[in-house]
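The structure under discussion appears below in the form of C-alpha cells.
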Amino acid sequence: MTCPHAATALGTVPAYPFGDHADLRLHPAYAALRATTPVTRVRMPYGGEAWLLTRHADVKKASSDPRLSMHAAADRDVPRAAPRALDSVGLMGMPPESHARLRRLVSRAFTARRVAALRPRIAEITHHLVDDLVAEGGPADLVTRLALPLPTAVICEMLGIPRTDQRIFRVFTEALMSASRFTEEQVAQAAEEYADYLRGYVAQRRAHPEDDLLSALIEARDEDGRLSEDELLMLTGGMLVGGHETTANQLAGQVLVLLDDRRRYEHLVARPDLVPAAVEELLRYVPLWASVGPSRVATEDVEIGGVTIRAGEAVVYSLASANRDETVFDAPDDVLLDRTVNPHIAFGQGPHFCLGAPLARAELQCALEALTGRLPGLRLARPAAELDWHRGMLVRGLVELPVTW
C-alpha cells in the first residue's frame with residue numbers, strides 16, 4: 001500500500017479517508033503526515049480535492065480563522081466527507097452573525113455555573129441507571145444501559161421533552177449521522193418526521209409552558225423576537241441530537257479504553273480523585289469522528305503551516321490527529337490518566353467550540369465516578385477485538401459494550 005504522504009510527494013493526490021476505521025484506531029498515515037506534510041491535498045469522497053490539516057497548531061488556527069468559513073461551504077457541492085452538503089439554515093452553516101446571535105441565546109443554559117448546579121441531578125440519574133444495571137445483573141450492554149440513556153435523560157429534562165419520545169429523535173440522529181448507512185430517501189423521511197414531531201411538541205409547550213429550556217426559547221421567540229420559528233425548531237432539534245449522540249459514543253469509547261487494559265480502570269478505582277483528569281485524557285485519546293467534520297472554504301488567501309490556501313479552496317482537519325500531535329503531547333499514543341498538561345481540542349476551537357462541552361464533561365465524570373465507585377470489578381464480557389462497531393456513520397460508535405462484574 002502506498003502511504004498517502006509518499007503519494008503526495010510523487011505528485012498524486014491520495015484518497016481520503018485513508019481507511020475504514022470504525023473502531024478507536026487511527027490510521028498510521030496521520031502520524032506520517034504530521035511529520036512530513038502536515039498540510040496536504042487529499043481527494044474527498046464527495047466534491048473533489050481539499051486541504052487536510054493534521055497538526056495541533058494548524059487545526060487550532062483553522063478553527064478560529066474567520067477567513068475559513070463553514071457558511072461559505074454551505075449549500076454547495078464542496079469537497080467533504082459527508083454525502084450531504086452543510087445546510088445554511090443549520091447552526092454550523094448559517095452566516096457568522098446569525099450563528100453568534102443564536103449561540104448567545106442558548107449558551108447560558110450550558111455555562112459551567114449552570115452545569116455545576118445540574119450536577120447533583122446528573123449524578124442522581126447516573127446512579128439510578130447503575131441501580132437498574134446491578135438489579136438485573138450481568139452480563140449487560142453498557143451502551144443501552146448507561147452510555148445512551150444518561151445523556152438522553154439529561155438533555156430531555158433540560159428541554160422538557162419526554163424520554164418516551166426518544167425513538168423519534170434517535171431515528172433522525174442515526175439518519176443525520178449516516179455517511180452511507182442510510183439512503184437519501186430514508187434521511188429525508190426521518191427529517192420530515194422529526195420536524196413534524198418538533199412542531200407539534202413546540203405547539204404543546206407554547207400552550208402549556210413550564211420551567212425548562214424549551215419554554216425559555218419559546219418565550220425568546222414569542223415575546224422578545226430574538227429568533228424565528230424556524231430557528232426555534234432548528235435549535236431544539238439540534239440540541240436534542242447533539243446533546244446525547246456524541247456523549248453516548250464518547251462514554252462507551254472511554255469505558256472500553258479503561259476496560260481493555262484493566263490496569264487503567266483499577267487505577268481509577270484506587271484513585272477516584274483522578275476522574276476529572278482521566279476524562280480529559282480520554283477525550284483527547286478517544287476519536288469521535290470517523291474521519292473529519294464539516295468542511296470550510298477559504299474566503300480569501302490564507303497561509304497555514306507554510307502553505308497558501310487559495311480563496312475558494314476547501315479545508316478539512318482531523319481533531320483526532322491534532323490530539324495525538326507529538327510536539328504538543330508527551331507519549332501521545334499512550335493513555336496517561338494523570339496527565340496534567342492536556343490542551344486537547346476534542347470539543348473543537350473558536351466560534352464553533354462545542355456549546356455542550358461543560359455538560360458532556362459533567363456527564364462523563366459522573367458516569368466514571370459511579371462505575372468505578374460502585375462496580376470495582378467491572379470488566380469486558382467479550383474481548384475488545386470481537387466488539388461490533390456501527391459502519392457507514394460519520395461518528396464512531398459501538399453497537400454494544402457487553403460487561404460483567
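Each chain of the C-alpha cells is named A, B, ... in the order shown, its residues numbered from 1; ligands are numbered from 1 in display order.
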Can you write out as JSON lines which residues of segment 206-308 of chain A fall within 12 Å of segment 40-48 of chain A, alongside each residue's closest atom pair and its distance in Å to one decimal, counting only C-alpha atoms and ordering rows by chain and ascending residue number?
{"residue": "A:Ser291", "atom": "CA", "partner": "A:Met44", "partner_atom": "CA", "distance": 10.6}
{"residue": "A:Val292", "atom": "CA", "partner": "A:Met44", "partner_atom": "CA", "distance": 10.3}
{"residue": "A:Pro294", "atom": "CA", "partner": "A:Met44", "partner_atom": "CA", "distance": 11.8}
{"residue": "A:Ser295", "atom": "CA", "partner": "A:Met44", "partner_atom": "CA", "distance": 10.3}
{"residue": "A:Ile304", "atom": "CA", "partner": "A:Thr40", "partner_atom": "CA", "distance": 10.8}
{"residue": "A:Gly305", "atom": "CA", "partner": "A:Thr40", "partner_atom": "CA", "distance": 10.1}
{"residue": "A:Gly306", "atom": "CA", "partner": "A:Thr40", "partner_atom": "CA", "distance": 11.1}
{"residue": "A:Val307", "atom": "CA", "partner": "A:Thr40", "partner_atom": "CA", "distance": 8.8}
{"residue": "A:Thr308", "atom": "CA", "partner": "A:Thr40", "partner_atom": "CA", "distance": 11.1}
Exercise. Can you list, as JSON, numbers by chain, all residues belonging to segment 168-353 of chain A that DSSP tags as alpha helix (DSSP H)?
Key: {"A": [168, 169, 170, 171, 172, 173, 174, 175, 176, 184, 185, 186, 187, 188, 189, 190, 191, 192, 193, 194, 195, 196, 197, 198, 199, 200, 201, 202, 203, 204, 205, 206, 207, 213, 214, 215, 216, 217, 218, 219, 220, 221, 222, 229, 230, 231, 232, 233, 234, 235, 236, 237, 238, 239, 240, 241, 242, 245, 246, 247, 248, 249, 250, 251, 252, 253, 254, 255, 256, 257, 258, 259, 260, 262, 263, 264, 265, 266, 267, 268, 269, 270, 275, 276, 277, 278, 279, 280, 281, 282, 283, 284, 285, 319, 320, 321, 322]}
Exercise. Just list the residues in segment 221-301 of chain A DSSP gives strand (DSSP E or B) on the backbone, as a PyMOL selection string.
Key: chain A and resi 289+296-298
Print the selection's residues with N, CA and C atoms to a file, as a PDB file, in the first residue's frame.
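What landed in selection02.pdb:
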ATOM      1  N   TRP A 289     -15.055  11.502  15.548  1.00  0.00           N
ATOM      2  CA  TRP A 289     -15.405  11.475  14.133  1.00  0.00           C
ATOM      3  C   TRP A 289     -14.747  10.285  13.443  1.00  0.00           C
ATOM      4  N   ARG A 296     -14.567  23.634   5.557  1.00  0.00           N
ATOM      5  CA  ARG A 296     -14.544  25.093   5.499  1.00  0.00           C
ATOM      6  C   ARG A 296     -14.013  25.510   4.134  1.00  0.00           C
ATOM      7  N   VAL A 297     -14.438  26.687   3.678  1.00  0.00           N
ATOM      8  CA  VAL A 297     -13.952  27.221   2.405  1.00  0.00           C
ATOM      9  C   VAL A 297     -13.261  28.549   2.672  1.00  0.00           C
ATOM     10  N   ALA A 298     -12.099  28.736   2.073  1.00  0.00           N
ATOM     11  CA  ALA A 298     -11.348  29.983   2.241  1.00  0.00           C
ATOM     12  C   ALA A 298     -12.050  31.106   1.485  1.00  0.00           C
TER      13      ALA A 298
END
Quiz item: Excluding same-chain residues fewer than 2 positions from segment 92-94 of chain A, what lies within 12 Å of it counting only C-alpha atoms, as an NGL selection string?
Solution: :A and (69-76 or 85-90 or 96-103 or 231 or 234-235 or 238 or 293-297 or 351-355)
Got time to write the residues from that selection, N, CA and C atoms, as a short mmCIF file (atom, residue, chain, number, x, y, z; two decimals), in the first residue's frame?
data_model
loop_
_atom_site.label_atom_id
_atom_site.label_comp_id
_atom_site.auth_asym_id
_atom_site.auth_seq_id
_atom_site.Cartn_x
_atom_site.Cartn_y
_atom_site.Cartn_z
N SER A 69 -14.39 29.52 6.30
CA SER A 69 -15.80 29.67 6.66
C SER A 69 -16.63 28.43 6.38
N MET A 70 -17.38 27.99 7.39
CA MET A 70 -18.37 26.93 7.16
C MET A 70 -19.53 27.47 6.34
N HIS A 71 -19.90 28.70 6.59
CA HIS A 71 -21.02 29.28 5.85
C HIS A 71 -20.71 29.32 4.36
N ALA A 72 -19.46 29.60 4.00
CA ALA A 72 -19.08 29.63 2.59
C ALA A 72 -19.15 28.25 1.95
N ALA A 73 -19.14 27.20 2.79
CA ALA A 73 -19.24 25.83 2.27
C ALA A 73 -20.67 25.33 2.23
N ALA A 74 -21.60 26.07 2.84
CA ALA A 74 -22.98 25.59 2.97
C ALA A 74 -23.71 25.62 1.64
N ASP A 75 -24.59 24.64 1.47
CA ASP A 75 -25.45 24.54 0.29
C ASP A 75 -24.66 24.44 -1.01
N ARG A 76 -23.42 23.97 -0.94
CA ARG A 76 -22.58 23.88 -2.14
C ARG A 76 -21.94 22.49 -2.20
N ALA A 85 -24.32 18.12 1.71
CA ALA A 85 -23.66 19.40 1.94
C ALA A 85 -24.19 20.02 3.22
N LEU A 86 -23.37 20.84 3.86
CA LEU A 86 -23.78 21.56 5.06
C LEU A 86 -24.95 22.47 4.72
N ASP A 87 -25.91 22.54 5.63
CA ASP A 87 -27.13 23.32 5.41
C ASP A 87 -26.95 24.74 5.94
N SER A 88 -27.26 25.73 5.11
CA SER A 88 -27.06 27.12 5.53
C SER A 88 -28.07 27.58 6.56
N VAL A 89 -29.13 26.81 6.78
CA VAL A 89 -30.09 27.18 7.82
C VAL A 89 -29.81 26.45 9.13
N GLY A 90 -28.82 25.56 9.13
CA GLY A 90 -28.40 24.91 10.37
C GLY A 90 -27.41 25.79 11.11
N PRO A 96 -22.11 34.01 9.93
CA PRO A 96 -21.46 34.18 11.24
C PRO A 96 -22.26 35.03 12.22
N GLU A 97 -22.88 36.11 11.75
CA GLU A 97 -23.62 36.97 12.68
C GLU A 97 -24.85 36.25 13.24
N SER A 98 -25.53 35.45 12.43
CA SER A 98 -26.68 34.68 12.92
C SER A 98 -26.22 33.58 13.86
N HIS A 99 -25.13 32.94 13.50
CA HIS A 99 -24.56 31.90 14.35
C HIS A 99 -24.22 32.45 15.73
N ALA A 100 -23.57 33.60 15.79
CA ALA A 100 -23.19 34.20 17.07
C ALA A 100 -24.42 34.59 17.88
N ARG A 101 -25.44 35.12 17.22
CA ARG A 101 -26.67 35.53 17.92
C ARG A 101 -27.35 34.33 18.58
N LEU A 102 -27.47 33.23 17.86
CA LEU A 102 -28.16 32.06 18.41
C LEU A 102 -27.32 31.37 19.47
N ARG A 103 -26.01 31.35 19.29
CA ARG A 103 -25.15 30.78 20.34
C ARG A 103 -25.29 31.56 21.64
N GLU A 231 -35.80 28.98 13.41
CA GLU A 231 -34.62 28.92 14.27
C GLU A 231 -34.93 28.22 15.58
N MET A 234 -34.98 24.56 14.78
CA MET A 234 -33.62 24.10 14.49
C MET A 234 -32.81 23.95 15.77
N LEU A 235 -32.88 24.93 16.66
CA LEU A 235 -32.13 24.87 17.90
C LEU A 235 -32.60 23.71 18.78
N GLY A 238 -31.55 20.47 17.15
CA GLY A 238 -30.10 20.30 17.21
C GLY A 238 -29.60 19.96 18.60
N GLY A 293 -14.75 16.49 10.33
CA GLY A 293 -16.03 17.15 10.42
C GLY A 293 -16.34 17.98 9.19
N PRO A 294 -17.26 18.94 9.30
CA PRO A 294 -17.67 19.75 8.15
C PRO A 294 -16.50 20.53 7.53
N SER A 295 -16.56 20.69 6.23
CA SER A 295 -15.52 21.43 5.51
C SER A 295 -15.68 22.93 5.71
N ARG A 296 -14.57 23.63 5.56
CA ARG A 296 -14.54 25.09 5.50
C ARG A 296 -14.01 25.51 4.13
N VAL A 297 -14.44 26.69 3.68
CA VAL A 297 -13.95 27.22 2.41
C VAL A 297 -13.26 28.55 2.67
N PRO A 351 -15.19 29.87 17.17
CA PRO A 351 -16.62 30.16 17.25
C PRO A 351 -17.51 28.93 17.21
N HIS A 352 -16.98 27.79 16.74
CA HIS A 352 -17.78 26.57 16.69
C HIS A 352 -17.41 25.60 17.81
N PHE A 353 -16.71 26.11 18.84
CA PHE A 353 -16.43 25.28 20.01
C PHE A 353 -17.75 24.72 20.55
N CYS A 354 -17.74 23.45 20.93
CA CYS A 354 -18.97 22.77 21.33
C CYS A 354 -19.64 23.46 22.52
N LEU A 355 -20.87 23.91 22.31
CA LEU A 355 -21.62 24.57 23.38
C LEU A 355 -21.83 23.65 24.58
#
Quiz prompt | Contacts of segment 121-135 of chain A within 12 Å, only C-alpha atoms, excl. fewer than 2 positions in-chain, as a ChimeraX atom specification | solution = /A:114-119,137-158,359-375,378,402-405
Can you tell me, as a CSV table (one decimal) with N, CA, C and O atoms, in the first residue's frame, what residues are no more than 12 Å from Gly253 of chain A when counting only C-alpha atoms, ignoring any on the same chain fewer than 2 positions away?
chain,number,residue,atom,x,y,z
A,22,ALA,N,-13.8,2.1,11.9
A,22,ALA,CA,-15.0,2.5,12.7
A,22,ALA,C,-14.6,2.4,14.2
A,22,ALA,O,-15.4,2.9,15.0
A,23,ASP,N,-13.5,1.7,14.5
A,23,ASP,CA,-13.2,1.5,15.9
A,23,ASP,C,-12.3,2.7,16.4
A,23,ASP,O,-12.4,3.7,15.8
A,24,LEU,N,-11.5,2.5,17.5
A,24,LEU,CA,-10.8,3.6,18.0
A,24,LEU,C,-9.4,3.8,17.5
A,24,LEU,O,-8.7,4.7,17.9
A,25,ARG,N,-9.0,3.0,16.5
A,25,ARG,CA,-7.7,3.1,16.0
A,25,ARG,C,-7.6,4.3,15.0
A,25,ARG,O,-8.6,4.7,14.4
A,142,LEU,N,-23.5,-2.0,28.2
A,142,LEU,CA,-23.4,-0.7,28.8
A,142,LEU,C,-23.8,0.4,27.8
A,142,LEU,O,-24.1,1.6,28.3
A,143,VAL,N,-23.9,0.2,26.5
A,143,VAL,CA,-24.4,1.2,25.6
A,143,VAL,C,-25.8,1.5,25.9
A,143,VAL,O,-26.2,2.6,26.1
A,147,ALA,N,-24.6,4.4,28.6
A,147,ALA,CA,-24.0,5.4,27.8
A,147,ALA,C,-25.0,6.2,27.0
A,147,ALA,O,-24.9,7.4,26.8
A,148,LEU,N,-26.0,5.5,26.5
A,148,LEU,CA,-27.1,6.2,25.7
A,148,LEU,C,-28.1,6.8,26.6
A,148,LEU,O,-28.5,8.0,26.4
A,246,THR,N,-23.2,12.4,20.7
A,246,THR,CA,-21.7,12.4,20.8
A,246,THR,C,-21.3,11.9,22.2
A,246,THR,O,-20.3,11.2,22.3
A,247,THR,N,-22.0,12.3,23.2
A,247,THR,CA,-21.6,11.9,24.6
A,247,THR,C,-21.8,10.4,24.8
A,247,THR,O,-20.9,9.8,25.4
A,248,ALA,N,-22.8,9.9,24.2
A,248,ALA,CA,-23.1,8.5,24.4
A,248,ALA,C,-21.9,7.7,23.7
A,248,ALA,O,-21.4,6.7,24.3
A,249,ASN,N,-21.5,8.0,22.5
A,249,ASN,CA,-20.4,7.3,21.9
A,249,ASN,C,-19.1,7.5,22.6
A,249,ASN,O,-18.3,6.6,22.7
A,250,GLN,N,-18.9,8.8,23.1
A,250,GLN,CA,-17.7,9.0,23.8
A,250,GLN,C,-17.6,8.2,25.1
A,250,GLN,O,-16.5,7.7,25.5
A,251,LEU,N,-18.7,8.2,25.8
A,251,LEU,CA,-18.7,7.4,27.1
A,251,LEU,C,-18.4,5.9,26.9
A,251,LEU,O,-17.6,5.3,27.6
A,255,VAL,N,-15.1,4.0,28.4
A,255,VAL,CA,-15.1,2.8,29.2
A,255,VAL,C,-14.4,1.6,28.6
A,255,VAL,O,-13.7,0.8,29.2
A,256,LEU,N,-14.5,1.5,27.2
A,256,LEU,CA,-13.8,0.4,26.5
A,256,LEU,C,-12.3,0.6,26.7
A,256,LEU,O,-11.6,-0.4,27.0
A,257,VAL,N,-11.8,1.8,26.6
A,257,VAL,CA,-10.3,2.0,26.7
A,257,VAL,C,-9.9,1.6,28.2
A,257,VAL,O,-8.9,1.0,28.4
A,258,LEU,N,-10.7,2.0,29.1
A,258,LEU,CA,-10.4,1.6,30.5
A,258,LEU,C,-10.4,0.1,30.8
A,258,LEU,O,-9.6,-0.4,31.5
A,259,LEU,N,-11.4,-0.6,30.2
A,259,LEU,CA,-11.5,-2.0,30.5
A,259,LEU,C,-10.7,-2.9,29.6
A,259,LEU,O,-10.3,-4.0,29.9
A,260,ASP,N,-10.3,-2.3,28.4
A,260,ASP,CA,-9.4,-3.1,27.5
A,260,ASP,C,-8.1,-3.4,28.2
A,260,ASP,O,-7.4,-4.4,27.9
A,279,VAL,N,-11.0,11.9,32.5
A,279,VAL,CA,-12.0,12.2,31.4
A,279,VAL,C,-11.3,13.1,30.4
A,279,VAL,O,-11.5,12.9,29.2
A,282,LEU,N,-9.1,10.9,28.2
A,282,LEU,CA,-9.8,10.0,27.4
A,282,LEU,C,-10.5,10.8,26.2
A,282,LEU,O,-10.7,10.3,25.1
A,283,LEU,N,-10.9,12.1,26.5
A,283,LEU,CA,-11.4,12.9,25.5
A,283,LEU,C,-10.4,13.2,24.4
A,283,LEU,O,-10.6,13.2,23.2
A,284,ARG,N,-9.1,13.3,24.9
A,284,ARG,CA,-8.0,13.5,23.9
A,284,ARG,C,-7.8,12.3,23.1
A,284,ARG,O,-7.5,12.3,21.9
A,285,TYR,N,-7.8,11.1,23.8
A,285,TYR,CA,-7.4,9.8,23.2
A,285,TYR,C,-8.5,9.2,22.3
A,285,TYR,O,-8.2,8.6,21.3
A,286,VAL,N,-9.7,9.3,22.7
A,286,VAL,CA,-10.8,8.5,22.0
A,286,VAL,C,-11.3,9.4,20.9
A,286,VAL,O,-11.9,10.4,21.1
A,287,PRO,N,-11.1,8.9,19.6
A,287,PRO,CA,-11.6,9.7,18.5
A,287,PRO,C,-13.1,9.6,18.4
A,287,PRO,O,-13.7,8.6,18.6
A,288,LEU,N,-13.7,10.7,18.0
A,288,LEU,CA,-15.2,10.7,17.9
A,288,LEU,C,-15.6,10.6,16.4
A,288,LEU,O,-16.4,9.8,16.0
A,364,LEU,N,-19.8,12.7,31.7
A,364,LEU,CA,-18.7,11.7,31.6
A,364,LEU,C,-18.1,11.4,33.0
A,364,LEU,O,-17.8,10.3,33.4
A,368,LEU,N,-18.1,7.8,35.1
A,368,LEU,CA,-16.9,7.1,35.6
A,368,LEU,C,-16.9,7.0,37.1
A,368,LEU,O,-16.4,6.0,37.7
A,384,ALA,N,-12.2,-7.1,23.4
A,384,ALA,CA,-12.4,-5.8,22.6
A,384,ALA,C,-12.3,-6.1,21.1
A,384,ALA,O,-13.1,-5.4,20.4
A,387,LEU,N,-15.7,-6.9,19.4
A,387,LEU,CA,-16.9,-6.0,19.5
A,387,LEU,C,-17.3,-5.4,18.2
A,387,LEU,O,-16.4,-5.2,17.3
A,389,TRP,N,-18.9,-2.5,15.7
A,389,TRP,CA,-19.0,-1.0,15.6
A,389,TRP,C,-20.0,-0.7,14.5
A,389,TRP,O,-20.1,-1.4,13.5
A,395,VAL,N,-19.7,9.4,12.8
A,395,VAL,CA,-19.1,9.3,14.1
A,395,VAL,C,-18.8,7.8,14.4
A,395,VAL,O,-19.5,6.9,13.9
A,396,ARG,N,-17.9,7.6,15.3
A,396,ARG,CA,-17.5,6.2,15.7
A,396,ARG,C,-18.4,5.8,16.9
A,396,ARG,O,-18.5,6.6,17.8
A,397,GLY,N,-18.9,4.6,16.8
A,397,GLY,CA,-19.8,4.2,17.9
A,397,GLY,C,-19.9,2.7,18.0
A,397,GLY,O,-20.0,2.0,17.0
A,398,LEU,N,-19.9,2.2,19.2
A,398,LEU,CA,-20.1,0.8,19.5
A,398,LEU,C,-21.5,0.4,19.3
A,398,LEU,O,-22.4,1.1,19.8
A,399,VAL,N,-21.8,-0.8,18.7
A,399,VAL,CA,-23.1,-1.3,18.6
A,399,VAL,C,-23.5,-1.7,20.0
A,399,VAL,O,-24.7,-1.4,20.5
A,400,GLU,N,-22.6,-2.3,20.8
A,400,GLU,CA,-22.9,-2.7,22.2
A,400,GLU,C,-21.6,-2.9,22.9
A,400,GLU,O,-20.5,-3.0,22.3
A,401,LEU,N,-21.6,-2.7,24.2
A,401,LEU,CA,-20.4,-2.9,25.0
A,401,LEU,C,-20.8,-3.9,26.2
A,401,LEU,O,-21.2,-3.4,27.3
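Counting only C-alpha atoms, the residue from A:Val106, A:Val275, A:Ala314, A:Ala188 that sits nearest to Leu91 of chain A is A:Val106.
Using only C-alpha atoms, the nearest neighbour of Ile218 of chain A within the list A:Glu136, A:Asp230, A:Glu386, A:Asp301 is A:Asp230.
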Show which residues sit within 6 Å of Leu52 of chain A, as a compact mmCIF listing (two decimals) with C-alpha atoms, in the first residue's frame. Count only C-alpha atoms, and ignore same-chain residues fewer than 5 positions away.
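The result, stored in selection.txt:
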# COMPACT_ATOMS: atom_id res chain seq x y z
CA VAL A 39 -0.95 20.43 5.26
CA THR A 40 -1.63 18.14 2.31
CA VAL A 316 -10.76 19.87 6.47
CA TYR A 317 -8.92 18.81 9.57
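Minimum atom-to-atom distance to Pro66 of chain A, evaluated using only C-alpha atoms, belongs to A:Pro95 out of A:Gln204, A:Pro95, A:Ala112, A:Met239.
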Quiz item: For Leu233 of chain A, which residue among A:Pro383, A:Pro38, A:Gly200, A:Pro83 is the nearest when counting only C-alpha atoms?
Solution: A:Gly200
